[in-house]
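One structure below.
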Amino acid sequence: MGDRQELGALRAQLSSISDMFALVMIMFDSADEAEILRLALSSVATLGPFRAEGAHLARRETPDGDDELSARLRTLAGAGGSVAVDDRPWSWAFPMRAVGSHAGYLVVSAGAEPPADKRSLLSTLAQLTGAALVSAGLHRRERDASTALSALNTRLEGTNEQLTAAVTDLEWRDRIHQSLMRVAASGTGPAGIAAGVHQLTGMAVAVEDPFGNLVAWAGPDRPHPYPRPRRGARAELLSAIRRSGRAVRSRDRVLAVAQPRDEVLGVLSLVDPGRRAGDRELFALEHGALVLATELAHQRGLAETELRLRRDLGEDLITGTDDVSARARSLALGHDLHPPHQVLVARWADVAQDEEIVAALGTAATRVLGAEPLTARRGGAVVLVVPQPDPAARMPWGELHRAAASLLRSPNGSIGVGRPRALPSELPQSLVEGERALEVRLASATTGGVTTFEELGIYRLLAAGAGDEVGGFVREWLGPLIDYDAANRSALVTTLWQYYECGGNYDATARALTIHRSTLRYRLQRIRELSGHDLRDVESRLNLHVAARAWQILRPPS
């Protein structure tokens, strides 16, 4: 070979080496193994009369159906060597190696065995390809590690945020707990608990008893007067809260019950028309309800102990007690003393056992009035303290008497009813009125029935301890008229009573009696003749009117 040929061959070799290294730079810039192998295989033909038979990575299986080649590559164990590929005269497996790593083989074939310099170029291409593959693997692992680290950092940030929120929430809950424990230990009772929950939530707070009466209020805009719920609606609401086991919203309030065991002792509520109450406010409310339950259970225990040490609440009410103590003790009995109450005094002539009378009257009152009465005994009579019936409805005393008479199988019972009183401390006055009404009923011709204090009119002034005297007073002033009416089935006493009730007006009296004026004039003349009294004389007029009023009460029903 001449110098010119050698120089040409050298230039061609240098050009191939230069192209190969440019290709390698591209391969090293790529992190995609498939792209690196594609570039390596496509560059084989540029190095000489060669054919790329494939690239076989060490960590992958040999292509399907190439079992002989696969077995041969395994025997090479990372070294280069000849392999059999179809009927090609020369085939060689060039190892794709990098420092400390074997990436696989670059398999090349040719029509004849190439010279050493060409084989050296193919070997170099295989080694550089292996280095590019190792570099791509490092890049891939670095990228995967970076991605995993980024995801881990993201999870750690989320976990840190959750931990921070949990710590903040625990600190808040601990603050609520400590604050309410201090309130419970302070002995300030429901008012202190309401104030504590108000301070924690910033909302107005109400403490109510089971009936809906206000016990304590903390915060602005306290309603005056405080609204009272309907009894049925209240029971349904408390039942719903108990079933829920959590605080429940009702209109503009969120309510939690103070229920130490199976009985609701009170209700704690947040006034929240803007619906601002969140998890922390609800936790403060429910924790406050637990503290309130403990406080109310303690108060009830004290009340029950007081009931065992003192006389029955009914006895105390009719003899006199303070309002606060009476209402607190009534709650322990499940009785609401906040509405007006009044006293009934009863005797049953032919029932010997007081307990039987007490049981019958209690059952009758509960059935007719819708509330169980408080009972006591006084001077041989049974005393009932009952809520005032609805003033707009018909008074139920006659129905109560009939129910008791049915239970006792005797109509011979007398009941006197005192007037309603707004405060428990005023009930002894209602008792005195009930006793006066009962005395009048017992002095009447028909003792079985009910007399209310309101029915006595001016007779109230004469009824106290003077039943016999009043009867004598009536006989003294009206005796001849009463006897005449009984003998002749006339109505002179009724006419006299109606005449005075109408203020001495002839026309009004005649209309009230549904008689003619001439008939009225005749009757009044007979009254003057039989009684011997001047109906226009001031003193006679007063006594006759009072006697006629008393007769109206004492007379048997027509």
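Every chain in the structure tokens takes a letter, A first, then B, and so on in the order presented; its residues are numbered from 1, and the ligands are numbered from 1 following the presented order.
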- Message: Excluding A:Leu69 and its own-chain neighbours fewer than 5 positions away, which residues fall within 9 Å of it when counting only C-alpha atoms? Please give them as a ChimeraX atom specification.
- Response: /A:62,74,83-85
Atoms kept (all heavy atoms) for selection, written as a PDB file, in the first residue's frame:
```pdb
ATOM      1  N   THR A  62     -32.928 -12.820  26.179  1.00  0.00           N
ATOM      2  CA  THR A  62     -32.591 -12.779  24.754  1.00  0.00           C
ATOM      3  C   THR A  62     -33.878 -12.839  23.954  1.00  0.00           C
ATOM      4  O   THR A  62     -34.832 -13.477  24.392  1.00  0.00           O
ATOM      5  CB  THR A  62     -31.697 -13.977  24.381  1.00  0.00           C
ATOM      6  OG1 THR A  62     -30.560 -13.957  25.233  1.00  0.00           O
ATOM      7  CG2 THR A  62     -31.269 -13.943  22.930  1.00  0.00           C
ATOM      8  N   ARG A  74     -24.477 -16.382  27.424  1.00  0.00           N
ATOM      9  CA  ARG A  74     -24.288 -16.672  28.845  1.00  0.00           C
ATOM     10  C   ARG A  74     -22.926 -17.308  29.119  1.00  0.00           C
ATOM     11  O   ARG A  74     -22.321 -17.065  30.152  1.00  0.00           O
ATOM     12  CB  ARG A  74     -25.421 -17.578  29.329  1.00  0.00           C
ATOM     13  CG  ARG A  74     -26.739 -16.844  29.549  1.00  0.00           C
ATOM     14  CD  ARG A  74     -27.702 -17.678  30.372  1.00  0.00           C
ATOM     15  NE  ARG A  74     -28.112 -18.904  29.683  1.00  0.00           N
ATOM     16  CZ  ARG A  74     -29.154 -18.981  28.860  1.00  0.00           C
ATOM     17  NH1 ARG A  74     -29.871 -17.892  28.605  1.00  0.00           N
ATOM     18  NH2 ARG A  74     -29.467 -20.129  28.278  1.00  0.00           N
ATOM     19  N   VAL A  83     -19.970 -15.639  17.871  1.00  0.00           N
ATOM     20  CA  VAL A  83     -21.282 -16.236  18.049  1.00  0.00           C
ATOM     21  C   VAL A  83     -21.786 -16.647  16.682  1.00  0.00           C
ATOM     22  O   VAL A  83     -21.261 -16.193  15.644  1.00  0.00           O
ATOM     23  CB  VAL A  83     -22.271 -15.245  18.700  1.00  0.00           C
ATOM     24  CG1 VAL A  83     -21.866 -14.933  20.139  1.00  0.00           C
ATOM     25  CG2 VAL A  83     -22.386 -13.951  17.887  1.00  0.00           C
ATOM     26  N   ALA A  84     -22.785 -17.511  16.640  1.00  0.00           N
ATOM     27  CA  ALA A  84     -23.375 -17.967  15.383  1.00  0.00           C
ATOM     28  C   ALA A  84     -24.653 -17.210  15.133  1.00  0.00           C
ATOM     29  O   ALA A  84     -25.570 -17.251  15.952  1.00  0.00           O
ATOM     30  CB  ALA A  84     -23.635 -19.460  15.445  1.00  0.00           C
ATOM     31  N   VAL A  85     -24.711 -16.506  14.004  1.00  0.00           N
ATOM     32  CA  VAL A  85     -25.909 -15.785  13.605  1.00  0.00           C
ATOM     33  C   VAL A  85     -26.228 -16.186  12.176  1.00  0.00           C
ATOM     34  O   VAL A  85     -25.485 -15.831  11.248  1.00  0.00           O
ATOM     35  CB  VAL A  85     -25.707 -14.265  13.705  1.00  0.00           C
ATOM     36  CG1 VAL A  85     -26.959 -13.552  13.211  1.00  0.00           C
ATOM     37  CG2 VAL A  85     -25.358 -13.860  15.112  1.00  0.00           C
TER      38      VAL A  85
END
```
- Which of stretch 50-279 of chain A DSSP labels alpha helix (DSSP H), written as a PyMOL selection string: chain A and resi 67-76+116-186+189-201+231-244+279
- Task: Name the residues in contact with stretch 21-26 of chain A at a cut-off of 9 Å, using only C-alpha atoms, excluding same-chain residues fewer than 5 positions from it; report them as a ChimeraX atom specification.
- Result: /A:16,36,39-40,43,125,128-129,132
- Smallest atom-to-atom distance to A:Ala289: which of A:Leu302, A:Leu268, A:Leu478, A:Pro428, using only C-alpha atoms? A:Leu268
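Among the candidate residues A:Ala547, A:Val197, A:Ala403, A:Ala233, the one lying nearest to A:Arg367 is A:Ala403, with distances computed using only C-alpha atoms.
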- Using only C-alpha atoms, which residues sit within 10 Å of A:Ala247 once same-chain residues fewer than 3 positions away are excluded, as JSON, numbers by chain? {"A": [240, 241, 242, 244, 250, 254, 255, 256, 257, 268, 269, 270, 282, 283, 285, 286, 289]}
- Using only C-alpha atoms, find the one residue out of A:Phe453, A:Tyr484, A:Tyr105, A:Phe50 that sits nearest to A:Val432. A:Phe453
- Message: List as a PyMOL selection string the protein and nucleic acid residues near A:Glu281, meaning an atom at most 12 Å away when only C-alpha atoms are counted, but skip any in the same chain fewer than 6 places from it.
- Response: chain A and resi 169+172-173+176+197-205+247+254-256+269-272+275+287-288
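Taking atom CA of A:Ile482 and atom CA of A:Thr452 as the two end points, the separation is 24.6 Å.
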- Find the residues near A:Gly54: any atom within 7 Å, counting only C-alpha atoms, skip ones fewer than 2 places away on the same chain, and give them as number ranges by chain. A: 52, 56, 106-107
- So, counting only C-alpha atoms, which residue among A:Leu408, A:Leu492, A:Ala326, A:Ile318 is closest to A:Glu355?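 Ranked by minimum distance to A:Glu355, first place goes to A:Leu408.
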- Query: Hey, can you check how far atom CA of A:His516 sits from atom CA of A:Tyr499?
  - Reply: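 Calculated distance between atom CA of A:His516 and atom CA of A:Tyr499 is 13.5 Å.
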- Message: Taking 5 positions as the minimum chain separation for residues in the same chain, which residues sit within 12 Å of A:Arg511 when counting only C-alpha atoms? Answer as a list of chain:residue names.
- Response: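 Close residues of A:Arg511: A:Thr495, A:Gln498, A:Tyr499, A:Cys502, A:Asn505, A:Tyr506, A:His516, A:Arg517, A:Thr519, A:Leu520.
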- Atomic distance atom CA of A:Gln525 - atom CA of A:Gly471, expressed in Å with one decimal: 25.0 Å
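Of the listed residues A:Leu237, A:Val264, A:Ala206, A:Ala277, the one whose atoms come nearest to A:Arg222 is A:Ala206, with distances taken using only C-alpha atoms.
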- Query: For A:Ala376, which residue out of A:Asp312, A:Ala392, A:Ala352, A:Leu156 is the nearest one, using only C-alpha atoms?
  - Reply: A:Asp312
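All residues in stretch 215-263 of chain A with a DSSP state of strand (DSSP E or B), computed from the backbone, read Val215, Ala216, Trp217, Ala218, Val248, Arg249, Ser250, Arg253, Val254, Leu255, Ala256, Val257 and Ala258 of chain A.
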